[in-house]
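Next comes my_file_7.cif, with mmCIF, C-alpha atoms.
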```cif
data_protein
#
loop_
_atom_site.group_PDB
_atom_site.id
_atom_site.type_symbol
_atom_site.label_atom_id
_atom_site.label_comp_id
_atom_site.auth_asym_id
_atom_site.auth_seq_id
_atom_site.Cartn_x
_atom_site.Cartn_y
_atom_site.Cartn_z
ATOM 1 C CA MET A 1 106.655 -37.563 -164.095
ATOM 2 C CA ALA A 2 105.475 -39.865 -166.908
ATOM 3 C CA ASN A 3 101.916 -39.002 -165.932
ATOM 4 C CA THR A 4 102.379 -35.238 -166.310
ATOM 5 C CA ILE A 5 101.995 -32.894 -169.260
ATOM 6 C CA LEU A 6 105.725 -32.257 -169.558
ATOM 7 C CA GLY A 7 106.713 -35.841 -168.728
ATOM 8 C CA THR A 8 110.024 -34.606 -167.327
ATOM 9 C CA THR A 9 111.444 -32.003 -164.961
ATOM 10 C CA LEU A 10 114.834 -31.839 -166.640
ATOM 11 C CA ILE A 11 115.589 -28.317 -167.898
ATOM 12 C CA CYS A 12 117.684 -29.170 -170.947
ATOM 13 C CA GLN A 13 118.356 -25.554 -171.994
ATOM 14 C CA VAL A 14 118.366 -22.118 -170.406
ATOM 15 C CA ALA A 15 118.247 -19.552 -173.204
ATOM 16 C CA ILE A 16 119.141 -15.876 -172.996
ATOM 17 C CA VAL A 17 118.191 -13.213 -175.529
ATOM 18 C CA VAL A 18 121.009 -10.689 -175.941
ATOM 19 C CA ARG A 19 121.678 -7.738 -178.221
ATOM 20 C CA ASP A 20 125.138 -8.994 -179.205
ATOM 21 C CA VAL A 21 125.631 -12.744 -179.439
ATOM 22 C CA GLU A 22 129.333 -12.346 -180.313
ATOM 23 C CA LYS A 23 129.986 -10.405 -177.129
ATOM 24 C CA ALA A 24 127.939 -12.730 -174.904
ATOM 25 C CA THR A 25 129.605 -15.798 -176.415
ATOM 26 C CA ARG A 26 133.109 -14.341 -176.112
ATOM 27 C CA ARG A 27 132.631 -13.183 -172.527
ATOM 28 C CA PHE A 28 131.030 -16.393 -171.313
ATOM 29 C CA ALA A 29 133.783 -18.446 -172.990
ATOM 30 C CA GLU A 30 136.384 -16.219 -171.280
ATOM 31 C CA LEU A 31 134.658 -16.717 -167.937
ATOM 32 C CA LEU A 32 134.572 -20.509 -168.312
ATOM 33 C CA LYS A 33 137.963 -20.695 -170.092
ATOM 34 C CA VAL A 34 136.478 -22.787 -172.862
ATOM 35 C CA PRO A 35 136.782 -22.341 -176.630
ATOM 36 C CA GLU A 36 134.131 -20.060 -178.103
ATOM 37 C CA PRO A 37 131.350 -22.135 -179.628
ATOM 38 C CA THR A 38 130.450 -21.389 -183.227
ATOM 39 C CA ILE A 39 127.639 -18.895 -183.729
ATOM 40 C CA ILE A 40 125.064 -20.227 -186.144
ATOM 41 C CA MET A 41 122.298 -18.519 -188.115
ATOM 42 C CA ALA A 42 119.353 -20.845 -187.634
ATOM 43 C CA ASN A 43 116.986 -21.327 -190.572
ATOM 44 C CA ASP A 44 119.082 -19.252 -192.951
ATOM 45 C CA ASP A 45 118.043 -21.628 -195.754
ATOM 46 C CA GLY A 46 114.352 -21.330 -194.858
ATOM 47 C CA SER A 47 113.959 -25.109 -194.636
ATOM 48 C CA ASP A 48 112.225 -24.930 -191.244
ATOM 49 C CA THR A 49 108.528 -24.053 -191.268
ATOM 50 C CA VAL A 50 108.133 -21.377 -188.614
ATOM 51 C CA THR A 51 104.879 -19.897 -187.333
ATOM 52 C CA TYR A 52 104.874 -16.911 -184.975
ATOM 53 C CA ARG A 53 101.561 -15.792 -183.472
ATOM 54 C CA GLY A 54 99.640 -17.488 -186.246
ATOM 55 C CA GLU A 55 101.666 -15.980 -189.103
ATOM 56 C CA SER A 56 104.394 -17.540 -191.215
ATOM 57 C CA THR A 57 107.881 -16.103 -190.669
ATOM 58 C CA GLN A 58 111.348 -17.208 -191.667
ATOM 59 C CA GLY A 59 112.343 -16.826 -188.023
ATOM 60 C CA ARG A 60 116.077 -16.622 -188.604
ATOM 61 C CA VAL A 61 118.054 -16.233 -185.405
ATOM 62 C CA ARG A 62 121.698 -16.222 -184.345
ATOM 63 C CA LEU A 63 122.591 -18.779 -181.696
ATOM 64 C CA SER A 64 125.458 -20.151 -179.630
ATOM 65 C CA PHE A 65 125.381 -23.080 -177.218
ATOM 66 C CA PHE A 66 127.493 -23.883 -174.160
ATOM 67 C CA ASN A 67 127.377 -27.447 -172.848
ATOM 68 C CA LEU A 68 127.496 -27.031 -169.074
ATOM 69 C CA GLU A 69 127.699 -29.785 -166.478
ATOM 70 C CA ASN A 70 123.955 -30.184 -165.997
ATOM 71 C CA THR A 71 122.313 -28.239 -168.812
ATOM 72 C CA VAL A 72 122.934 -26.211 -171.958
ATOM 73 C CA LEU A 73 123.169 -22.433 -171.866
ATOM 74 C CA GLU A 74 122.101 -20.786 -175.121
ATOM 75 C CA PHE A 75 122.573 -17.207 -176.321
ATOM 76 C CA ILE A 76 120.087 -15.825 -178.836
ATOM 77 C CA GLU A 77 120.366 -12.690 -180.966
ATOM 78 C CA PRO A 78 117.162 -12.008 -182.881
ATOM 79 C CA THR A 79 117.204 -10.937 -186.519
ATOM 80 C CA GLU A 80 114.694 -8.557 -188.088
ATOM 81 C CA ASP A 81 112.406 -11.516 -188.834
ATOM 82 C CA PRO A 82 109.269 -11.409 -186.674
ATOM 83 C CA SER A 83 109.749 -13.824 -183.758
ATOM 84 C CA THR A 84 109.219 -14.343 -180.065
ATOM 85 C CA TRP A 85 112.913 -13.534 -179.556
ATOM 86 C CA LYS A 86 112.608 -10.128 -181.255
ATOM 87 C CA GLU A 87 109.391 -9.422 -179.365
ATOM 88 C CA PHE A 88 111.082 -10.324 -176.078
ATOM 89 C CA LEU A 89 114.106 -8.106 -176.727
ATOM 90 C CA GLU A 90 111.927 -5.156 -177.731
ATOM 91 C CA THR A 91 109.609 -5.607 -174.746
ATOM 92 C CA ASN A 92 111.956 -6.684 -171.957
ATOM 93 C CA GLY A 93 115.455 -5.963 -173.144
ATOM 94 C CA PRO A 94 118.091 -8.680 -172.762
ATOM 95 C CA GLY A 95 117.190 -11.544 -170.450
ATOM 96 C CA VAL A 96 116.347 -15.209 -170.112
ATOM 97 C CA HIS A 97 113.801 -15.938 -172.827
ATOM 98 C CA HIS A 98 112.922 -19.533 -171.989
ATOM 99 C CA ILE A 99 113.656 -22.779 -170.234
ATOM 100 C CA ALA A 100 113.421 -25.894 -172.385
ATOM 101 C CA PHE A 101 112.108 -29.410 -171.865
ATOM 102 C CA LYS A 102 112.455 -32.363 -174.215
ATOM 103 C CA ALA A 103 109.239 -33.682 -175.781
ATOM 104 C CA LYS A 104 110.515 -36.130 -178.399
ATOM 105 C CA ASP A 105 107.793 -37.271 -180.834
ATOM 106 C CA ARG A 106 105.078 -35.512 -178.776
ATOM 107 C CA MET A 107 105.962 -31.842 -179.111
ATOM 108 C CA MET A 108 102.771 -30.438 -180.641
ATOM 109 C CA GLU A 109 100.627 -32.869 -178.646
ATOM 110 C CA THR A 110 102.310 -31.561 -175.489
ATOM 111 C CA ALA A 111 101.862 -27.966 -176.661
ATOM 112 C CA ALA A 112 98.131 -28.657 -177.123
ATOM 113 C CA LYS A 113 97.927 -29.974 -173.561
ATOM 114 C CA LEU A 114 99.768 -26.908 -172.304
ATOM 115 C CA GLU A 115 97.290 -24.713 -174.167
ATOM 116 C CA GLU A 116 94.449 -26.452 -172.291
ATOM 117 C CA PHE A 117 96.420 -25.858 -169.088
ATOM 118 C CA GLY A 118 96.439 -22.135 -169.912
ATOM 119 C CA PHE A 119 99.753 -21.715 -171.745
ATOM 120 C CA PRO A 120 98.948 -20.886 -175.404
ATOM 121 C CA LEU A 121 101.335 -21.510 -178.282
ATOM 122 C CA ILE A 122 103.451 -18.495 -179.282
ATOM 123 C CA GLN A 123 105.754 -19.830 -181.976
ATOM 124 C CA ASN A 124 106.907 -23.110 -183.407
ATOM 125 C CA GLY A 125 109.285 -24.566 -185.939
ATOM 126 C CA ASP A 126 109.591 -28.208 -186.936
ATOM 127 C CA LYS A 127 111.550 -29.136 -183.792
ATOM 128 C CA TYR A 128 110.679 -26.453 -181.227
ATOM 129 C CA ALA A 129 107.561 -24.876 -179.761
ATOM 130 C CA TYR A 130 107.161 -21.989 -177.297
ATOM 131 C CA VAL A 131 104.187 -21.549 -175.008
ATOM 132 C CA ASP A 132 103.234 -18.433 -173.075
ATOM 133 C CA SER A 133 103.602 -19.315 -169.403
ATOM 134 C CA VAL A 134 104.830 -15.833 -168.456
ATOM 135 C CA ASP A 135 101.733 -14.612 -166.599
ATOM 136 C CA ASP A 136 101.869 -17.556 -164.208
ATOM 137 C CA LEU A 137 105.543 -18.573 -164.118
ATOM 138 C CA GLY A 138 107.471 -15.504 -165.278
ATOM 139 C CA VAL A 139 109.210 -17.400 -168.090
ATOM 140 C CA ILE A 140 108.382 -18.965 -171.458
ATOM 141 C CA ILE A 141 108.488 -22.776 -171.726
ATOM 142 C CA GLU A 142 110.036 -24.352 -174.820
ATOM 143 C CA LEU A 143 109.335 -27.886 -175.959
ATOM 144 C CA LEU A 144 111.965 -29.607 -178.081
ATOM 145 C CA ASP A 145 111.367 -32.544 -180.392
ATOM 146 C CA ILE A 146 114.815 -34.005 -179.705
ATOM 147 C CA ASP A 147 116.249 -36.966 -177.786
ATOM 148 C CA MET B 148 137.013 -25.898 -164.423
ATOM 149 C CA ALA B 149 139.048 -25.824 -161.200
ATOM 150 C CA ASN B 150 141.255 -23.198 -162.818
ATOM 151 C CA THR B 151 138.418 -20.797 -163.592
ATOM 152 C CA ILE B 152 136.802 -17.989 -161.624
ATOM 153 C CA LEU B 153 133.562 -19.900 -161.088
ATOM 154 C CA GLY B 154 135.266 -23.269 -160.590
ATOM 155 C CA THR B 155 132.157 -25.017 -161.902
ATOM 156 C CA THR B 156 129.700 -24.922 -164.783
ATOM 157 C CA LEU B 157 126.838 -26.478 -162.838
ATOM 158 C CA ILE B 158 123.828 -24.141 -162.697
ATOM 159 C CA CYS B 159 122.431 -25.126 -159.299
ATOM 160 C CA GLN B 160 119.458 -22.740 -159.379
ATOM 161 C CA VAL B 161 117.390 -20.881 -161.976
ATOM 162 C CA ALA B 162 115.470 -18.155 -160.175
ATOM 163 C CA ILE B 163 112.429 -16.274 -161.439
ATOM 164 C CA VAL B 164 111.078 -13.010 -160.034
ATOM 165 C CA VAL B 165 107.281 -12.992 -160.096
ATOM 166 C CA ARG B 166 104.565 -10.665 -158.814
ATOM 167 C CA ASP B 167 102.682 -13.473 -157.057
ATOM 168 C CA VAL B 168 104.735 -16.298 -155.585
ATOM 169 C CA GLU B 169 101.601 -18.159 -154.425
ATOM 170 C CA LYS B 170 100.232 -18.274 -157.960
ATOM 171 C CA ALA B 171 103.557 -19.248 -159.556
ATOM 172 C CA THR B 172 104.122 -21.960 -156.955
ATOM 173 C CA ARG B 173 100.592 -23.339 -157.272
ATOM 174 C CA ARG B 174 100.632 -23.380 -161.079
ATOM 175 C CA PHE B 175 104.085 -24.936 -161.389
ATOM 176 C CA ALA B 176 103.150 -27.601 -158.816
ATOM 177 C CA GLU B 177 99.969 -28.320 -160.811
ATOM 178 C CA LEU B 178 101.987 -28.598 -164.003
ATOM 179 C CA LEU B 179 104.483 -31.037 -162.454
ATOM 180 C CA LYS B 180 101.853 -32.802 -160.297
ATOM 181 C CA VAL B 181 103.989 -32.392 -157.206
ATOM 182 C CA PRO B 182 103.001 -31.080 -153.773
ATOM 183 C CA GLU B 183 103.323 -27.296 -153.451
ATOM 184 C CA PRO B 184 106.565 -26.423 -151.695
ATOM 185 C CA THR B 185 106.309 -24.169 -148.660
ATOM 186 C CA ILE B 186 106.727 -20.463 -149.345
ATOM 187 C CA ILE B 187 109.223 -18.937 -146.962
ATOM 188 C CA MET B 188 109.925 -15.341 -146.005
ATOM 189 C CA ALA B 189 113.711 -15.144 -146.083
ATOM 190 C CA ASN B 190 115.424 -13.001 -143.462
ATOM 191 C CA ASP B 191 112.209 -12.179 -141.644
ATOM 192 C CA ASP B 192 114.192 -12.237 -138.374
ATOM 193 C CA GLY B 193 116.865 -9.912 -139.764
ATOM 194 C CA SER B 194 119.664 -12.327 -138.815
ATOM 195 C CA ASP B 195 121.245 -12.163 -142.268
ATOM 196 C CA THR B 196 123.436 -9.131 -142.985
ATOM 197 C CA VAL B 197 122.317 -7.888 -146.385
ATOM 198 C CA THR B 198 123.937 -5.158 -148.454
ATOM 199 C CA TYR B 199 122.289 -3.865 -151.629
ATOM 200 C CA ARG B 200 124.207 -1.406 -153.817
ATOM 201 C CA GLY B 201 126.414 -0.433 -150.897
ATOM 202 C CA GLU B 202 123.570 0.202 -148.437
ATOM 203 C CA SER B 203 122.293 -1.970 -145.625
ATOM 204 C CA THR B 204 118.818 -3.437 -146.174
ATOM 205 C CA GLN B 205 116.814 -6.140 -144.447
ATOM 206 C CA GLY B 206 116.266 -7.693 -147.863
ATOM 207 C CA ARG B 207 113.274 -9.797 -146.920
ATOM 208 C CA VAL B 208 111.945 -11.846 -149.805
ATOM 209 C CA ARG B 209 109.340 -14.562 -150.344
ATOM 210 C CA LEU B 210 110.667 -17.745 -151.917
ATOM 211 C CA SER B 211 109.680 -21.210 -153.057
ATOM 212 C CA PHE B 212 111.937 -23.945 -154.395
ATOM 213 C CA PHE B 213 111.253 -26.857 -156.748
ATOM 214 C CA ASN B 214 113.832 -29.646 -156.856
ATOM 215 C CA LEU B 215 113.936 -30.641 -160.518
ATOM 216 C CA GLU B 216 115.907 -33.511 -162.054
ATOM 217 C CA ASN B 217 119.022 -31.500 -162.835
ATOM 218 C CA THR B 218 118.635 -28.181 -161.023
ATOM 219 C CA VAL B 219 116.461 -26.182 -158.638
ATOM 220 C CA LEU B 220 113.839 -23.774 -159.905
ATOM 221 C CA GLU B 221 113.156 -20.906 -157.508
ATOM 222 C CA PHE B 222 110.321 -18.380 -157.462
ATOM 223 C CA ILE B 223 110.962 -14.998 -155.853
ATOM 224 C CA GLU B 224 108.445 -12.353 -154.822
ATOM 225 C CA PRO B 225 110.153 -9.168 -153.638
ATOM 226 C CA THR B 226 108.984 -7.310 -150.550
ATOM 227 C CA GLU B 227 109.106 -3.528 -150.160
ATOM 228 C CA ASP B 228 112.668 -3.815 -148.790
ATOM 229 C CA PRO B 229 115.207 -2.395 -151.251
ATOM 230 C CA SER B 230 116.784 -5.292 -153.156
ATOM 231 C CA THR B 231 117.971 -6.489 -156.534
ATOM 232 C CA TRP B 232 114.742 -8.510 -156.801
ATOM 233 C CA LYS B 233 112.524 -5.433 -156.335
ATOM 234 C CA GLU B 234 114.709 -3.451 -158.738
ATOM 235 C CA PHE B 235 114.438 -6.223 -161.320
ATOM 236 C CA LEU B 236 110.641 -6.459 -161.060
ATOM 237 C CA GLU B 237 110.230 -2.691 -161.317
ATOM 238 C CA THR B 238 112.632 -2.443 -164.267
ATOM 239 C CA ASN B 239 111.917 -5.609 -166.258
ATOM 240 C CA GLY B 240 108.695 -7.028 -164.923
ATOM 241 C CA PRO B 241 108.542 -10.740 -164.095
ATOM 242 C CA GLY B 242 111.370 -12.846 -165.464
ATOM 243 C CA VAL B 243 114.431 -14.924 -164.708
ATOM 244 C CA HIS B 244 116.477 -12.900 -162.242
ATOM 245 C CA HIS B 245 119.597 -15.050 -161.986
ATOM 246 C CA ILE B 246 121.370 -18.325 -162.514
ATOM 247 C CA ALA B 247 123.312 -19.630 -159.512
ATOM 248 C CA PHE B 248 126.650 -21.354 -159.047
ATOM 249 C CA LYS B 249 128.035 -22.862 -155.843
ATOM 250 C CA ALA B 250 131.093 -21.169 -154.347
ATOM 251 C CA LYS B 251 131.421 -22.852 -150.956
ATOM 252 C CA ASP B 252 133.911 -21.081 -148.647
ATOM 253 C CA ARG B 253 135.030 -18.766 -151.462
ATOM 254 C CA MET B 254 131.936 -16.713 -152.221
ATOM 255 C CA MET B 255 133.235 -13.178 -151.636
ATOM 256 C CA GLU B 256 136.664 -14.080 -153.002
ATOM 257 C CA THR B 257 134.936 -15.295 -156.168
ATOM 258 C CA ALA B 258 132.770 -12.154 -156.277
ATOM 259 C CA ALA B 259 135.952 -10.046 -156.085
ATOM 260 C CA LYS B 260 137.423 -11.960 -159.031
ATOM 261 C CA LEU B 261 134.193 -11.461 -160.970
ATOM 262 C CA GLU B 262 134.385 -7.742 -160.224
ATOM 263 C CA GLU B 263 137.873 -7.680 -161.789
ATOM 264 C CA PHE B 264 136.403 -9.573 -164.735
ATOM 265 C CA GLY B 265 133.854 -6.756 -165.151
ATOM 266 C CA PHE B 266 130.881 -8.057 -163.159
ATOM 267 C CA PRO B 267 130.497 -5.794 -160.082
ATOM 268 C CA LEU B 268 128.761 -6.856 -156.875
ATOM 269 C CA ILE B 269 125.087 -5.830 -156.635
ATOM 270 C CA GLN B 270 123.903 -7.399 -153.398
ATOM 271 C CA ASN B 271 125.011 -9.953 -150.877
ATOM 272 C CA GLY B 272 123.879 -11.689 -147.728
ATOM 273 C CA ASP B 273 125.880 -14.070 -145.596
ATOM 274 C CA LYS B 274 125.408 -16.986 -148.001
ATOM 275 C CA TYR B 275 124.639 -15.388 -151.378
ATOM 276 C CA ALA B 276 126.116 -12.746 -153.645
ATOM 277 C CA TYR B 277 124.841 -11.301 -156.934
ATOM 278 C CA VAL B 278 127.061 -9.778 -159.597
ATOM 279 C CA ASP B 279 125.975 -7.641 -162.520
ATOM 280 C CA SER B 280 126.732 -9.657 -165.634
ATOM 281 C CA VAL B 281 123.656 -8.381 -167.486
ATOM 282 C CA ASP B 282 125.410 -6.109 -170.002
ATOM 283 C CA ASP B 283 127.518 -8.989 -171.282
ATOM 284 C CA LEU B 284 125.457 -12.104 -170.599
ATOM 285 C CA GLY B 285 121.862 -10.879 -170.243
ATOM 286 C CA VAL B 286 121.465 -12.420 -166.787
ATOM 287 C CA ILE B 287 122.674 -11.882 -163.225
ATOM 288 C CA ILE B 288 125.045 -14.478 -161.750
ATOM 289 C CA GLU B 289 124.533 -15.584 -158.156
ATOM 290 C CA LEU B 290 127.223 -17.191 -156.024
ATOM 291 C CA LEU B 291 126.108 -19.417 -153.160
ATOM 292 C CA ASP B 292 128.200 -20.295 -150.124
ATOM 293 C CA ILE B 293 126.658 -23.767 -149.880
ATOM 294 C CA ASP B 294 127.756 -27.354 -150.559
#
```
Would you write out, as structure tokens, the structure that this file holds?
Amino acid sequence: MANTILGTTLICQVAIVVRDVEKATRRFAELLKVPEPTIIMANDDGSDTVTYRGESTQGRVRLSFFNLENTVLEFIEPTEDPSTWKEFLETNGPGVHHIAFKAKDRMMETAAKLEEFGFPLIQNGDKYAYVDSVDDLGVIIELLDID
Amino acid sequence: MANTILGTTLICQVAIVVRDVEKATRRFAELLKVPEPTIIMANDDGSDTVTYRGESTQGRVRLSFFNLENTVLEFIEPTEDPSTWKEFLETNGPGVHHIAFKAKDRMMETAAKLEEFGFPLIQNGDKYAYVDSVDDLGVIIELLDID
């Protein structure tokens, strides 16, 4: 795996775009009988530098995270800010937006290799990048600059 | 977790409906630098008893499976047989169809509990069952009668 573009096959997050993150979070917590995780508004302070399809955007988004046995399940409710999440919801309706792989300290380098492979960059912040692998794989790949 | 409907939080499969399972399989194998898994036609012999939205169907489907570090990624190409996979592709286009949880020896009992919870049965074979959790969670849940 070290010799591959991704360098890993561990899917560290499965992320679902929904219309109502409160409802999704409440219902999934009920199903698992776990406390509801806090819903956060990512980039509310605008400190992250977000680029979506070549244009600057604040890219605020409402998120919750469930730590499952083997991965993290994430719910995403887009805001009105232009973003891949909003585009996905408007185009597809609710559904799994992406699967994520860790690319610590090599996120944009990995995204560049994926672009050569045929998966162009859609959006990135300081710690995440999405590439368009939908035509081939049916799902967006996210790279995360985290351990 | 033992005291919950699912009895687990381990997502054992992430399954993506695509138009072209050969292409998805080839490209994902290239990306991971692994041999291409064999593509199988499930239920080609009609030995599985499949019910889709209350009606009998052969439910043939073309599948490939990638064993990743922490889960299995599955590609699904529907056939012309009526099925949840065909319905999904026609309604949503390519995308993640379901996330799967193991429910060995308690699959239909678990599906019945999920129905009470608000997630009605969509389709089942002898060893798999899908419930409609899309309104709440944005994704279908699959139960598998496997170890």
Protein and nucleic acid residues near (122.8, -23.8, -162.4) (cut-off 7 Å, only C-alpha atoms) as a PyMOL selection string: chain B and resi 157-161+218+246-248
One-decimal distance in Å that lies between CA of Val281 in chain B and CA of Asp132 in chain A: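 Atom-to-atom, CA of Asp132 in chain A to CA of Val281 in chain B, that is 23.4 Å.
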Residues of chain A within 8 Å of chain B, using only C-alpha atoms, as an NGL selection string? :A and (1 or 4-6 or 8-11 or 16-18 or 23-24 or 27-28 or 31-33 or 68-71 or 92-96 or 134 or 136-139)
Would you kindly translate the PyMOL selection byres ((chain B and resi 187-197) around 9) into the concrete residues it picks from this file, as an NGL selection string? :B and (185-186 or 198-199 or 202-211 or 270-274)
Evaluate the PyMOL selection byres ((chain A and resi 112) around 12) and report residues as a list in words: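 Given this file, the PyMOL selection byres ((chain A and resi 112) around 12) evaluates to Ile5, Leu6, Arg106, Met107, Met108, Glu109, Thr110, Ala111, Lys113, Leu114, Glu115, Glu116, Phe117, Gly118, Phe119, Pro120, Leu121, Ile122, Ala129, Tyr130, Val131 and Leu143 of chain A.
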Work out how far CA of Glu77 in chain A is from CA of Phe65 in chain A, in Å to one decimal.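 Computing it gives 12.1 Å between the two atoms.
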How many Å lie between CA of Asp105 in chain A and CA of Pro78 in chain A, rounded to one decimal?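 So the two atoms, CA of Asp105 in chain A and CA of Pro78 in chain A, lie 27.0 Å apart.
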Applying 10 Å and all atoms listed in the file, which residues near Asp147 in chain A remain after dropping the ones on its own chain fewer than 4 positions away? List them as a ChimeraX atom specification. /A:102-105
